[in-house]
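Working notes, structure below.
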Amino acid sequence: MSQPVQAPSVYPASDEFVASAHVDAAGYEAMYSASAADPAAFWAEHGKRIDWIKPYTKVKNTSFEPGNISIKWFEDGQLNVSANCVDRHMTTRANQTAIIWEPDHPDTPALHITYAQLLENTCRMANVLKAHGVTKGDRVVIYLPMIPEAAYAMLACARIGAIHSIVFAGFSPDALSNRINDSEAKCVITADFAPRGGRKTALKANTDAALLHCDDRVKCLVVKHTGDQTSWVSGRDIDVKAEMAEVSPYCSYVEVNAEDPLFILYTSGSTGKPKGVVHTSGGYLVYASMTHQMTFDYHDGDVFWCTADVGWVTGHSYIIYGPLANGATTIMFEGVPTYPDAGRFWEVCAKHKVNQFYTAPTAIRALMGQGAEWVEKHDLSSLKLLGSVGEPINPEAWNWYNTHVGKGKCPIVDTFWQTETGGHLITPLPGAVPQKPGSATMPFFGVKPVILDAATAEVQTETAAEGVLCITDSWPGQMRTLWGDHARFEEAYFSQYPGYYFTGDGCRRDADGYYWITGRVDDVINVSGHRMGTAEVESALVAHSMVAEAAVVGYPHEIKGQGIYAYVTLMNDVEPTDELRKDLVKWVRQEIGPIASPDLIQWSPGLPKTRSGKIMRRILRKIAENDYDALGDISTLADPSVVEELIANRMNRR
Ligand code: WTA
């Protein structure tokens, strides 16, 4: 009788892959040890991978000491990020494709934008910004679809030293106006419409609505992308393409300090409104470009595709800054994985002969559900490596990705990182570290993870350990502050476990020293790889006139990773109806955006509260997870009977 074949739990890269990889196992050991032993010396060397107008003499000046959190890298160096991503390639690769733009509909021809064209368009965009008074240090909000102008706008800001803040095009007018106001932006760059999956989002109309709540002086630069009619406010609205055609094709770049901000990116936290994460210029670029090259084992001439949106940090670091600093060919995809059919990703891989493909587990799970035949139709022989980001990848999805997309020959890099970290923190280097499905494996150079006991904050010294994940020392890609609120920065990341950067994630380390991220331990949930603060959804719900109270938690969701489960208490005389449930979902979509739509709403006449009135979210989480046998002690509740009622009427029944 034949034995069932046990799938191997460790997957080393093939000998062929290792032979050509930038870093092999011995190389990783040596470089990692060097980076940990003397970070300043290590980064002094690797900081040279980018061009400096004035070279740095100081490398690392960082402190995680409570009350004095300060992070500076290469602090006396001067550079320009746009010059690094564009101009410096002009002598060697002016006619090489920098960006392949793949439109929403496959019948619309793709664009191949060379480095020379990228330079010209970036300069033209920069000149338009300058013409409207944008100068060094000003903030520019970018609210665009995935179109080349988004790249030009980012690089144009970097060129003139302006600070961009991209707002994902799926966000609502409210979310947009909050970000314009918080960053005190001088202008917003938007488009008429954003086509996606065959539908169009009215970005200009959203921007008009947002600008009603902003300073009258905020200019609105509109990219006429689809050409459809929109409203037009003369004196405020500017036709970007028309002005780009008029201005000079060259714009010189300014010198900025390594620690001058490059961008602000708002992200969800466990409490309050979204936080404006600030990344600066020198350290961020060094880290984005180095991780892009090493993690993806990127080689000159490869075609790299990161399927994220530039509205998220993944798009910043691995569609734009990392790849372009490395002189790569990077793909910008306007569409979605399932339009016009579930084979679109693979069709694009075949069409552009993609070598490295980087996506999120939620997309893999969704496509897995459509069947492998959609993959088999396309020639994926160009693929050398696959990547995953955004949430832990479940072994089933990992195996499907490996077998059907990678054909068993592509290493899969499971990259753990955050908006705050600028680039990968824990990830296999593909030629060096054998993969284990579901594990982000080992730290990148210069990253020193520790696992602390969540309750006692004690450092777990055994190799095999479990607890919360913290980092003991700074790396160049780390965020520097929260825009306008350094105190909140300290409070959010350095106060819970003093002396450490706290990721907010739980983590397990196995006996081989591999790290396994177990998910957020705070009130942040991860829906389809997008971060969402439960507090944000709650405050949207209670803003509805019929809602008295709301508590939101995450629950396991087959495709999305986590779904949004809302417990809603209605105003006294309001009838709970299916109609109202639909209304509330629509309401939240309007308030925040479609990514925040509650999946399940449970009418809850009472919520479990302590006698001091604090909602016991632990209990709500357990009920949402169907784990109501493990509710723990409920005796401290003001009214323990609400728990029975909630269990009896729970929405997530399996
Ligand atoms: C989660 C996205 C497990 C994690 C780059 C983190 C992951 C949050 C992984 C950051 C991964 C990201 N394995 N979990 N490979 N990658 N996460 O800021 O909970 O949108 O804290 O950055 O996503 O999400 P953010």
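Lettering and numbering for the structure tokens are positional, with chains as A, B, ... in the shown order, residues counted from 1 in each chain, and ligands counted from 1 in the shown order.
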Check every protein, DNA and RNA residue against ligand 1, keep those with an atom at most 9 Å away (counting only C-alpha atoms and all ligand atoms), and present them as a tab-separated table (two decimals) with all heavy atoms, in the first residue's frame.
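File written: selection-v4.tsv
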```tsv
chain	number	residue	atom	x	y	z
A	267	THR	N	-3.09	56.30	7.97
A	267	THR	CA	-3.42	54.90	8.18
A	267	THR	C	-4.23	54.76	9.46
A	267	THR	O	-4.22	55.65	10.30
A	267	THR	CB	-2.14	54.03	8.22
A	267	THR	OG1	-2.54	52.65	8.19
A	267	THR	CG2	-1.31	54.26	9.46
A	268	SER	N	-4.92	53.63	9.56
A	268	SER	CA	-5.81	53.44	10.70
A	268	SER	C	-5.05	53.00	11.93
A	268	SER	O	-4.14	52.18	11.86
A	268	SER	CB	-6.84	52.37	10.37
A	268	SER	OG	-7.65	52.83	9.32
A	312	TRP	N	-1.86	52.92	-1.05
A	312	TRP	CA	-1.37	52.21	0.14
A	312	TRP	C	0.15	52.26	0.14
A	312	TRP	O	0.78	52.48	-0.89
A	312	TRP	CB	-1.84	50.76	0.14
A	312	TRP	CG	-3.30	50.61	-0.11
A	312	TRP	CD1	-3.89	50.03	-1.20
A	312	TRP	CD2	-4.39	51.06	0.72
A	312	TRP	NE1	-5.26	50.08	-1.09
A	312	TRP	CE2	-5.59	50.70	0.08
A	312	TRP	CE3	-4.46	51.72	1.95
A	312	TRP	CZ2	-6.85	51.00	0.62
A	312	TRP	CZ3	-5.71	52.00	2.49
A	312	TRP	CH2	-6.88	51.65	1.83
A	313	VAL	N	0.72	51.95	1.29
A	313	VAL	CA	2.18	52.04	1.38
A	313	VAL	C	2.87	51.06	0.42
A	313	VAL	O	3.94	51.35	-0.11
A	313	VAL	CB	2.67	51.84	2.83
A	313	VAL	CG1	2.59	50.38	3.26
A	313	VAL	CG2	4.07	52.39	3.02
A	314	THR	N	2.24	49.92	0.19
A	314	THR	CA	2.85	48.93	-0.71
A	314	THR	C	3.07	49.54	-2.10
A	314	THR	O	4.11	49.30	-2.73
A	314	THR	CB	1.97	47.67	-0.79
A	314	THR	OG1	1.70	47.24	0.55
A	314	THR	CG2	2.65	46.56	-1.54
A	360	ALA	N	-1.66	40.17	-2.68
A	360	ALA	CA	-2.14	39.96	-1.31
A	360	ALA	C	-2.89	38.63	-1.21
A	360	ALA	O	-3.54	38.21	-2.16
A	360	ALA	CB	-3.07	41.10	-0.92
A	361	PRO	N	-2.85	37.99	-0.05
A	361	PRO	CA	-3.54	36.71	0.14
A	361	PRO	C	-5.03	36.78	-0.20
A	361	PRO	O	-5.59	35.83	-0.74
A	361	PRO	CB	-3.35	36.41	1.63
A	361	PRO	CG	-2.08	37.09	1.99
A	361	PRO	CD	-2.05	38.34	1.15
A	388	SER	N	3.88	37.92	-1.30
A	388	SER	CA	2.61	38.05	-0.60
A	388	SER	C	2.75	39.14	0.46
A	388	SER	O	3.80	39.26	1.08
A	388	SER	CB	2.27	36.71	0.05
A	388	SER	OG	1.17	36.83	0.91
A	389	VAL	N	1.71	39.90	0.66
A	389	VAL	CA	1.76	40.99	1.65
A	389	VAL	C	0.37	41.35	2.16
A	389	VAL	O	-0.61	41.22	1.45
A	389	VAL	CB	2.39	42.27	1.05
A	389	VAL	CG1	1.62	42.80	-0.13
A	389	VAL	CG2	2.53	43.38	2.11
A	390	GLY	N	0.32	41.81	3.39
A	390	GLY	CA	-0.90	42.42	3.90
A	390	GLY	C	-1.52	41.69	5.06
A	390	GLY	O	-2.19	42.28	5.89
A	391	GLU	N	-1.33	40.39	5.12
A	391	GLU	CA	-1.91	39.58	6.20
A	391	GLU	C	-1.21	38.23	6.13
A	391	GLU	O	-0.56	37.91	5.14
A	391	GLU	CB	-3.41	39.43	5.98
A	391	GLU	CG	-3.72	38.86	4.63
A	391	GLU	CD	-5.20	38.58	4.39
A	391	GLU	OE1	-5.81	37.96	5.26
A	391	GLU	OE2	-5.69	38.98	3.34
A	392	PRO	N	-1.38	37.44	7.18
A	392	PRO	CA	-0.77	36.10	7.11
A	392	PRO	C	-1.40	35.33	5.95
A	392	PRO	O	-2.59	35.45	5.69
A	392	PRO	CB	-1.19	35.46	8.45
A	392	PRO	CG	-1.59	36.60	9.34
A	392	PRO	CD	-2.10	37.68	8.45
A	393	ILE	N	-0.59	34.59	5.22
A	393	ILE	CA	-1.15	33.79	4.12
A	393	ILE	C	-1.43	32.38	4.66
A	393	ILE	O	-0.54	31.75	5.23
A	393	ILE	CB	-0.25	33.79	2.86
A	393	ILE	CG1	-0.85	32.92	1.76
A	393	ILE	CG2	1.20	33.44	3.14
A	393	ILE	CD1	-0.24	33.14	0.37
A	413	VAL	N	7.88	34.90	-1.39
A	413	VAL	CA	8.32	35.73	-0.27
A	413	VAL	C	7.10	36.31	0.44
A	413	VAL	O	6.31	37.05	-0.13
A	413	VAL	CB	9.31	36.84	-0.70
A	413	VAL	CG1	10.65	36.21	-1.10
A	413	VAL	CG2	8.80	37.69	-1.86
A	414	ASP	N	6.93	35.90	1.69
A	414	ASP	CA	5.82	36.37	2.52
A	414	ASP	C	6.37	37.53	3.34
A	414	ASP	O	7.09	37.34	4.31
A	414	ASP	CB	5.36	35.21	3.41
A	414	ASP	CG	4.25	35.59	4.37
A	414	ASP	OD1	3.88	36.79	4.44
A	414	ASP	OD2	3.75	34.69	5.07
A	415	THR	N	6.04	38.73	2.90
A	415	THR	CA	6.69	39.93	3.45
A	415	THR	C	5.83	40.59	4.52
A	415	THR	O	4.75	41.07	4.24
A	415	THR	CB	6.93	40.95	2.32
A	415	THR	OG1	5.66	41.35	1.78
A	415	THR	CG2	7.78	40.37	1.21
A	416	PHE	N	6.33	40.60	5.73
A	416	PHE	CA	5.62	41.27	6.82
A	416	PHE	C	6.18	42.68	6.99
A	416	PHE	O	7.39	42.86	7.17
A	416	PHE	CB	5.77	40.51	8.14
A	416	PHE	CG	5.35	41.37	9.31
A	416	PHE	CD1	4.02	41.60	9.56
A	416	PHE	CD2	6.30	42.00	10.11
A	416	PHE	CE1	3.63	42.44	10.61
A	416	PHE	CE2	5.92	42.83	11.15
A	416	PHE	CZ	4.58	43.05	11.40
A	417	TRP	N	5.31	43.66	6.91
A	417	TRP	CA	5.71	45.04	7.19
A	417	TRP	C	4.47	45.89	7.37
A	417	TRP	O	3.36	45.36	7.39
A	417	TRP	CB	6.64	45.58	6.10
A	417	TRP	CG	6.09	45.61	4.70
A	417	TRP	CD1	5.70	44.54	3.93
A	417	TRP	CD2	5.89	46.78	3.89
A	417	TRP	NE1	5.26	44.99	2.70
A	417	TRP	CE2	5.37	46.35	2.64
A	417	TRP	CE3	6.12	48.14	4.07
A	417	TRP	CZ2	5.07	47.24	1.61
A	417	TRP	CZ3	5.82	49.02	3.05
A	417	TRP	CH2	5.31	48.56	1.83
A	418	GLN	N	4.65	47.19	7.49
A	418	GLN	CA	3.55	48.09	7.83
A	418	GLN	C	3.76	49.45	7.18
A	418	GLN	O	4.88	49.80	6.83
A	418	GLN	CB	3.50	48.32	9.34
A	418	GLN	CG	3.54	47.05	10.17
A	418	GLN	CD	3.59	47.34	11.64
A	418	GLN	OE1	4.50	48.01	12.11
A	418	GLN	NE2	2.61	46.84	12.38
A	419	THR	N	2.68	50.23	7.12
A	419	THR	CA	2.80	51.61	6.65
A	419	THR	C	3.94	52.31	7.41
A	419	THR	O	4.72	53.07	6.83
A	419	THR	CB	1.47	52.36	6.91
A	419	THR	OG1	0.42	51.61	6.31
A	419	THR	CG2	1.50	53.75	6.32
A	420	GLU	N	4.01	52.03	8.68
A	420	GLU	CA	4.97	52.69	9.56
A	420	GLU	C	6.42	52.28	9.30
A	420	GLU	O	7.34	52.99	9.70
A	420	GLU	CB	4.66	52.35	11.03
A	420	GLU	CG	3.36	52.93	11.55
A	420	GLU	CD	2.13	52.04	11.28
A	420	GLU	OE1	2.21	51.16	10.41
A	420	GLU	OE2	1.10	52.26	11.94
A	421	THR	N	6.62	51.12	8.68
A	421	THR	CA	7.99	50.60	8.60
A	421	THR	C	8.67	50.93	7.27
A	421	THR	O	9.85	50.65	7.11
A	421	THR	CB	8.03	49.07	8.81
A	421	THR	OG1	7.46	48.41	7.67
A	421	THR	CG2	7.29	48.66	10.08
A	422	GLY	N	7.93	51.48	6.31
A	422	GLY	CA	8.51	51.94	5.06
A	422	GLY	C	8.83	50.83	4.08
A	422	GLY	O	8.72	51.00	2.87
A	423	GLY	N	9.26	49.70	4.59
A	423	GLY	CA	9.62	48.56	3.74
A	423	GLY	C	9.56	47.29	4.57
A	423	GLY	O	9.23	47.33	5.77
A	424	HIS	N	9.94	46.17	3.94
A	424	HIS	CA	9.84	44.86	4.59
A	424	HIS	C	10.61	44.80	5.91
A	424	HIS	O	11.76	45.23	5.97
A	424	HIS	CB	10.40	43.78	3.66
A	424	HIS	CG	9.78	43.79	2.30
A	424	HIS	ND1	10.47	43.50	1.15
A	424	HIS	CD2	8.51	44.08	1.92
A	424	HIS	CE1	9.65	43.59	0.10
A	424	HIS	NE2	8.47	43.95	0.54
A	426	ILE	N	10.15	41.68	8.11
A	426	ILE	CA	10.44	40.26	8.23
A	426	ILE	C	10.01	39.62	6.92
A	426	ILE	O	8.86	39.77	6.50
A	426	ILE	CB	9.68	39.64	9.42
A	426	ILE	CG1	10.13	40.34	10.72
A	426	ILE	CG2	9.91	38.13	9.51
A	426	ILE	CD1	9.51	39.79	11.99
A	427	THR	N	10.94	38.95	6.29
A	427	THR	CA	10.67	38.35	4.97
A	427	THR	C	11.81	37.40	4.62
A	427	THR	O	12.95	37.63	5.00
A	427	THR	CB	10.61	39.45	3.88
A	427	THR	OG1	10.46	38.82	2.60
A	427	THR	CG2	11.86	40.31	3.83
A	438	GLY	N	3.10	30.24	5.38
A	438	GLY	CA	2.46	30.93	6.50
A	438	GLY	C	3.43	31.67	7.39
A	438	GLY	O	3.01	32.42	8.27
A	439	SER	N	4.74	31.50	7.16
A	439	SER	CA	5.72	32.20	7.99
A	439	SER	C	6.42	33.29	7.18
A	439	SER	O	6.84	33.05	6.06
A	439	SER	CB	6.78	31.22	8.51
A	439	SER	OG	7.84	31.93	9.12
A	440	ALA	N	6.54	34.46	7.80
A	440	ALA	CA	7.31	35.54	7.14
A	440	ALA	C	8.81	35.30	7.33
A	440	ALA	O	9.63	36.08	6.84
A	440	ALA	CB	6.89	36.90	7.68
A	503	THR	N	4.79	46.83	17.21
A	503	THR	CA	4.16	46.70	15.89
A	503	THR	C	2.63	46.65	15.97
A	503	THR	O	1.96	46.93	14.98
A	503	THR	CB	4.60	45.41	15.19
A	503	THR	OG1	4.26	44.30	16.05
A	503	THR	CG2	6.10	45.39	14.91
A	504	GLY	N	2.11	46.22	17.12
A	504	GLY	CA	0.66	45.99	17.21
A	504	GLY	C	0.28	44.58	16.80
A	504	GLY	O	-0.89	44.22	16.82
A	505	ASP	N	1.27	43.78	16.41
A	505	ASP	CA	1.00	42.41	15.97
A	505	ASP	C	1.44	41.38	17.00
A	505	ASP	O	2.45	41.56	17.69
A	505	ASP	CB	1.73	42.11	14.65
A	505	ASP	CG	1.03	42.73	13.47
A	505	ASP	OD1	-0.07	42.26	13.14
A	505	ASP	OD2	1.56	43.70	12.90
A	506	GLY	N	0.69	40.30	17.04
A	506	GLY	CA	1.11	39.13	17.81
A	506	GLY	C	2.02	38.28	16.94
A	506	GLY	O	2.01	38.38	15.71
A	516	TRP	N	6.27	33.86	12.82
A	516	TRP	CA	4.92	33.63	12.30
A	516	TRP	C	4.04	34.73	12.88
A	516	TRP	O	3.80	34.76	14.09
A	516	TRP	CB	4.37	32.27	12.75
A	516	TRP	CG	5.20	31.09	12.33
A	516	TRP	CD1	6.42	30.72	12.82
A	516	TRP	CD2	4.86	30.14	11.33
A	516	TRP	NE1	6.87	29.59	12.18
A	516	TRP	CE2	5.92	29.20	11.26
A	516	TRP	CE3	3.75	29.97	10.48
A	516	TRP	CZ2	5.92	28.13	10.37
A	516	TRP	CZ3	3.75	28.89	9.61
A	516	TRP	CH2	4.82	27.98	9.55
A	517	ILE	N	3.57	35.64	12.03
A	517	ILE	CA	2.72	36.73	12.52
A	517	ILE	C	1.32	36.16	12.77
A	517	ILE	O	0.76	35.50	11.89
A	517	ILE	CB	2.64	37.87	11.47
A	517	ILE	CG1	4.04	38.33	11.04
A	517	ILE	CG2	1.80	39.03	11.99
A	517	ILE	CD1	4.89	38.90	12.13
A	518	THR	N	0.77	36.45	13.94
A	518	THR	CA	-0.53	35.87	14.26
A	518	THR	C	-1.66	36.89	14.13
A	518	THR	O	-2.82	36.56	14.37
A	518	THR	CB	-0.53	35.26	15.67
A	518	THR	OG1	-0.04	36.26	16.59
A	518	THR	CG2	0.37	34.05	15.75
A	519	GLY	N	-1.36	38.12	13.77
A	519	GLY	CA	-2.42	39.13	13.56
A	519	GLY	C	-2.39	40.21	14.62
A	519	GLY	O	-1.67	40.11	15.61
A	520	ARG	N	-3.20	41.23	14.41
A	520	ARG	CA	-3.19	42.40	15.28
A	520	ARG	C	-3.69	42.05	16.68
A	520	ARG	O	-4.63	41.28	16.84
A	520	ARG	CB	-4.08	43.50	14.70
A	520	ARG	CG	-3.70	43.97	13.32
A	520	ARG	CD	-2.46	44.80	13.24
A	520	ARG	NE	-2.48	45.98	14.07
A	520	ARG	CZ	-1.65	47.02	13.90
A	520	ARG	NH1	-0.75	47.01	12.90
A	520	ARG	NH2	-1.69	48.04	14.70
A	521	VAL	N	-3.07	42.65	17.66
A	521	VAL	CA	-3.53	42.46	19.03
A	521	VAL	C	-4.26	43.71	19.53
A	521	VAL	O	-4.65	43.78	20.68
A	521	VAL	CB	-2.35	42.11	19.98
A	521	VAL	CG1	-1.76	40.77	19.61
A	521	VAL	CG2	-1.28	43.19	19.96
A	524	VAL	N	-7.23	47.15	15.56
A	524	VAL	CA	-7.10	47.35	14.12
A	524	VAL	C	-7.48	46.02	13.48
A	524	VAL	O	-7.08	44.96	13.96
A	524	VAL	CB	-5.65	47.72	13.76
A	524	VAL	CG1	-5.44	47.69	12.26
A	524	VAL	CG2	-5.30	49.09	14.32
A	525	ILE	N	-8.31	46.07	12.43
A	525	ILE	CA	-8.60	44.83	11.73
A	525	ILE	C	-8.07	44.93	10.30
A	525	ILE	O	-7.78	46.01	9.81
A	525	ILE	CB	-10.10	44.46	11.77
A	525	ILE	CG1	-10.98	45.62	11.31
A	525	ILE	CG2	-10.49	44.02	13.17
A	525	ILE	CD1	-12.45	45.31	11.34
A	526	ASN	N	-7.94	43.78	9.70
A	526	ASN	CA	-7.29	43.72	8.42
A	526	ASN	C	-8.25	43.09	7.41
A	526	ASN	O	-8.39	41.88	7.35
A	526	ASN	CB	-6.03	42.86	8.60
A	526	ASN	CG	-5.03	43.12	7.53
A	526	ASN	OD1	-5.40	43.34	6.38
A	526	ASN	ND2	-3.76	43.08	7.88
A	529	GLY	N	-6.65	42.75	3.36
A	529	GLY	CA	-5.32	43.36	3.35
A	529	GLY	C	-5.35	44.86	3.60
A	529	GLY	O	-4.31	45.51	3.55
A	530	HIS	N	-6.53	45.44	3.85
A	530	HIS	CA	-6.60	46.88	4.14
A	530	HIS	C	-6.83	47.09	5.62
A	530	HIS	O	-7.67	46.48	6.23
A	530	HIS	CB	-7.77	47.53	3.37
A	530	HIS	CG	-7.59	47.46	1.89
A	530	HIS	ND1	-8.64	47.38	1.02
A	530	HIS	CD2	-6.48	47.46	1.14
A	530	HIS	CE1	-8.18	47.32	-0.21
A	530	HIS	NE2	-6.86	47.36	-0.16
A	531	ARG	N	-6.08	48.02	6.16
A	531	ARG	CA	-6.18	48.30	7.59
A	531	ARG	C	-7.38	49.16	7.91
A	531	ARG	O	-7.63	50.15	7.24
A	531	ARG	CB	-4.95	49.06	8.02
A	531	ARG	CG	-3.98	48.20	8.69
A	531	ARG	CD	-2.72	48.94	8.82
A	531	ARG	NE	-2.72	49.81	9.98
A	531	ARG	CZ	-1.61	50.29	10.50
A	531	ARG	NH1	-0.45	50.02	9.95
A	531	ARG	NH2	-1.65	51.05	11.55
A	532	MET	N	-8.08	48.79	8.93
A	532	MET	CA	-9.27	49.51	9.31
A	532	MET	C	-9.30	49.59	10.83
A	532	MET	O	-9.10	48.59	11.51
A	532	MET	CB	-10.42	48.66	8.77
A	532	MET	CG	-11.77	49.26	8.73
A	532	MET	SD	-11.91	50.92	8.13
A	532	MET	CE	-11.21	50.87	6.51
```
Worksheet item: Could you pull out all residues of region 122-240 of chain A with a DSSP call of helix (DSSP H, G or I) and give them as a PyMOL selection string?
Response: chain A and resi 122-131+148-160+173-183+203-211+240
For C-alpha atoms, I'd like the residues from the last selection saved as a PDB file, in the first residue's frame.
```pdb
ATOM      1  CA  THR A 122       7.514  64.421 -14.060  1.00  0.00           C
ATOM      2  CA  CYS A 123       9.106  67.747 -14.947  1.00  0.00           C
ATOM      3  CA  ARG A 124       5.971  68.986 -16.672  1.00  0.00           C
ATOM      4  CA  MET A 125       3.850  68.016 -13.674  1.00  0.00           C
ATOM      5  CA  ALA A 126       6.366  69.722 -11.361  1.00  0.00           C
ATOM      6  CA  ASN A 127       6.167  72.893 -13.440  1.00  0.00           C
ATOM      7  CA  VAL A 128       2.371  72.858 -13.223  1.00  0.00           C
ATOM      8  CA  LEU A 129       2.589  72.543  -9.440  1.00  0.00           C
ATOM      9  CA  LYS A 130       5.102  75.359  -9.293  1.00  0.00           C
ATOM     10  CA  ALA A 131       2.907  77.545 -11.487  1.00  0.00           C
ATOM     11  CA  PRO A 148       0.647  57.280 -14.929  1.00  0.00           C
ATOM     12  CA  GLU A 149      -0.216  60.771 -13.686  1.00  0.00           C
ATOM     13  CA  ALA A 150      -0.200  59.371 -10.138  1.00  0.00           C
ATOM     14  CA  ALA A 151       3.455  58.437 -10.589  1.00  0.00           C
ATOM     15  CA  TYR A 152       4.263  61.782 -12.227  1.00  0.00           C
ATOM     16  CA  ALA A 153       2.548  63.597  -9.364  1.00  0.00           C
ATOM     17  CA  MET A 154       4.464  61.714  -6.664  1.00  0.00           C
ATOM     18  CA  LEU A 155       7.795  62.232  -8.391  1.00  0.00           C
ATOM     19  CA  ALA A 156       6.956  65.868  -9.196  1.00  0.00           C
ATOM     20  CA  CYS A 157       6.311  66.574  -5.526  1.00  0.00           C
ATOM     21  CA  ALA A 158       9.576  64.886  -4.585  1.00  0.00           C
ATOM     22  CA  ARG A 159      11.345  66.917  -7.264  1.00  0.00           C
ATOM     23  CA  ILE A 160      10.330  70.273  -5.830  1.00  0.00           C
ATOM     24  CA  PRO A 173     -15.342  62.754   0.260  1.00  0.00           C
ATOM     25  CA  ASP A 174     -15.342  62.911   4.062  1.00  0.00           C
ATOM     26  CA  ALA A 175     -12.165  60.888   4.367  1.00  0.00           C
ATOM     27  CA  LEU A 176     -10.618  63.063   1.659  1.00  0.00           C
ATOM     28  CA  SER A 177     -11.518  66.384   3.284  1.00  0.00           C
ATOM     29  CA  ASN A 178     -10.229  65.179   6.658  1.00  0.00           C
ATOM     30  CA  ARG A 179      -6.862  64.412   5.123  1.00  0.00           C
ATOM     31  CA  ILE A 180      -6.712  67.665   3.142  1.00  0.00           C
ATOM     32  CA  ASN A 181      -7.462  69.587   6.327  1.00  0.00           C
ATOM     33  CA  ASP A 182      -5.209  67.631   8.659  1.00  0.00           C
ATOM     34  CA  SER A 183      -2.224  68.016   6.340  1.00  0.00           C
ATOM     35  CA  LEU A 203     -13.512  61.241  -8.300  1.00  0.00           C
ATOM     36  CA  LYS A 204     -13.995  64.861  -9.321  1.00  0.00           C
ATOM     37  CA  ALA A 205     -17.515  64.914  -7.868  1.00  0.00           C
ATOM     38  CA  ASN A 206     -16.129  63.382  -4.652  1.00  0.00           C
ATOM     39  CA  THR A 207     -13.420  66.029  -4.586  1.00  0.00           C
ATOM     40  CA  ASP A 208     -15.989  68.795  -5.106  1.00  0.00           C
ATOM     41  CA  ALA A 209     -17.911  67.444  -2.119  1.00  0.00           C
ATOM     42  CA  ALA A 210     -14.742  67.225  -0.023  1.00  0.00           C
ATOM     43  CA  LEU A 211     -13.622  70.736  -0.899  1.00  0.00           C
ATOM     44  CA  VAL A 240      -3.605  69.304 -15.579  1.00  0.00           C
TER      45      VAL A 240
END
```
Worksheet item: Please, which residues of region 103-193 of chain A, numbered as in this document, come out strand (DSSP E) from DSSP, as a ChimeraX atom specification?
Response: /A:111-114,139-143,163-166,187-191
Once you have the residues from the selection above, write them out as a compact mmCIF listing (two decimals), in the first residue's frame, restricted to N, CA, C and O atoms.
```
# COMPACT_ATOMS: atom_id res chain seq x y z
N LEU A 111 0.50 51.24 -21.97
CA LEU A 111 1.51 52.25 -22.28
C LEU A 111 2.86 51.79 -21.77
O LEU A 111 2.95 51.25 -20.66
N HIS A 112 3.90 52.00 -22.57
CA HIS A 112 5.25 51.71 -22.11
C HIS A 112 5.96 53.04 -21.98
O HIS A 112 6.28 53.68 -22.98
N ILE A 113 6.17 53.47 -20.75
CA ILE A 113 6.73 54.80 -20.50
C ILE A 113 8.23 54.65 -20.21
O ILE A 113 8.60 53.97 -19.24
N THR A 114 9.06 55.22 -21.06
CA THR A 114 10.50 55.07 -20.86
C THR A 114 10.96 56.02 -19.75
O THR A 114 10.24 56.94 -19.35
N ARG A 139 2.19 70.75 1.28
CA ARG A 139 1.55 69.45 1.13
C ARG A 139 0.62 69.43 -0.08
O ARG A 139 -0.09 70.39 -0.34
N VAL A 140 0.68 68.29 -0.78
CA VAL A 140 -0.16 68.08 -1.96
C VAL A 140 -0.90 66.77 -1.76
O VAL A 140 -0.27 65.72 -1.57
N VAL A 141 -2.22 66.82 -1.77
CA VAL A 141 -2.99 65.58 -1.65
C VAL A 141 -3.23 65.02 -3.05
O VAL A 141 -3.56 65.76 -3.98
N ILE A 142 -3.00 63.73 -3.20
CA ILE A 142 -3.19 63.07 -4.49
C ILE A 142 -4.34 62.07 -4.34
O ILE A 142 -4.31 61.20 -3.47
N TYR A 143 -5.37 62.25 -5.15
CA TYR A 143 -6.57 61.41 -5.08
C TYR A 143 -6.84 60.96 -6.51
O TYR A 143 -7.64 61.55 -7.22
N ILE A 163 5.49 67.74 -0.16
CA ILE A 163 5.21 66.50 0.57
C ILE A 163 3.87 65.96 0.07
O ILE A 163 2.86 66.64 0.18
N HIS A 164 3.89 64.75 -0.53
CA HIS A 164 2.59 64.27 -1.01
C HIS A 164 1.89 63.42 0.03
O HIS A 164 2.51 62.82 0.90
N SER A 165 0.57 63.43 -0.08
CA SER A 165 -0.23 62.57 0.77
C SER A 165 -1.30 61.97 -0.11
O SER A 165 -2.21 62.65 -0.58
N ILE A 166 -1.13 60.68 -0.40
CA ILE A 166 -2.07 60.03 -1.32
C ILE A 166 -3.27 59.52 -0.54
O ILE A 166 -3.12 58.93 0.53
N CYS A 187 -3.01 71.98 -2.41
CA CYS A 187 -3.84 71.57 -3.54
C CYS A 187 -4.11 70.08 -3.49
O CYS A 187 -3.45 69.33 -2.77
N VAL A 188 -5.11 69.69 -4.27
CA VAL A 188 -5.43 68.28 -4.41
C VAL A 188 -5.38 67.95 -5.90
O VAL A 188 -5.83 68.74 -6.73
N ILE A 189 -4.75 66.83 -6.21
CA ILE A 189 -4.70 66.40 -7.62
C ILE A 189 -5.66 65.23 -7.77
O ILE A 189 -5.54 64.22 -7.07
N THR A 190 -6.63 65.37 -8.65
CA THR A 190 -7.61 64.31 -8.83
C THR A 190 -7.84 64.07 -10.33
O THR A 190 -7.11 64.62 -11.16
N ALA A 191 -8.80 63.20 -10.64
CA ALA A 191 -9.14 62.93 -12.04
C ALA A 191 -10.64 63.06 -12.18
O ALA A 191 -11.36 63.08 -11.18
```
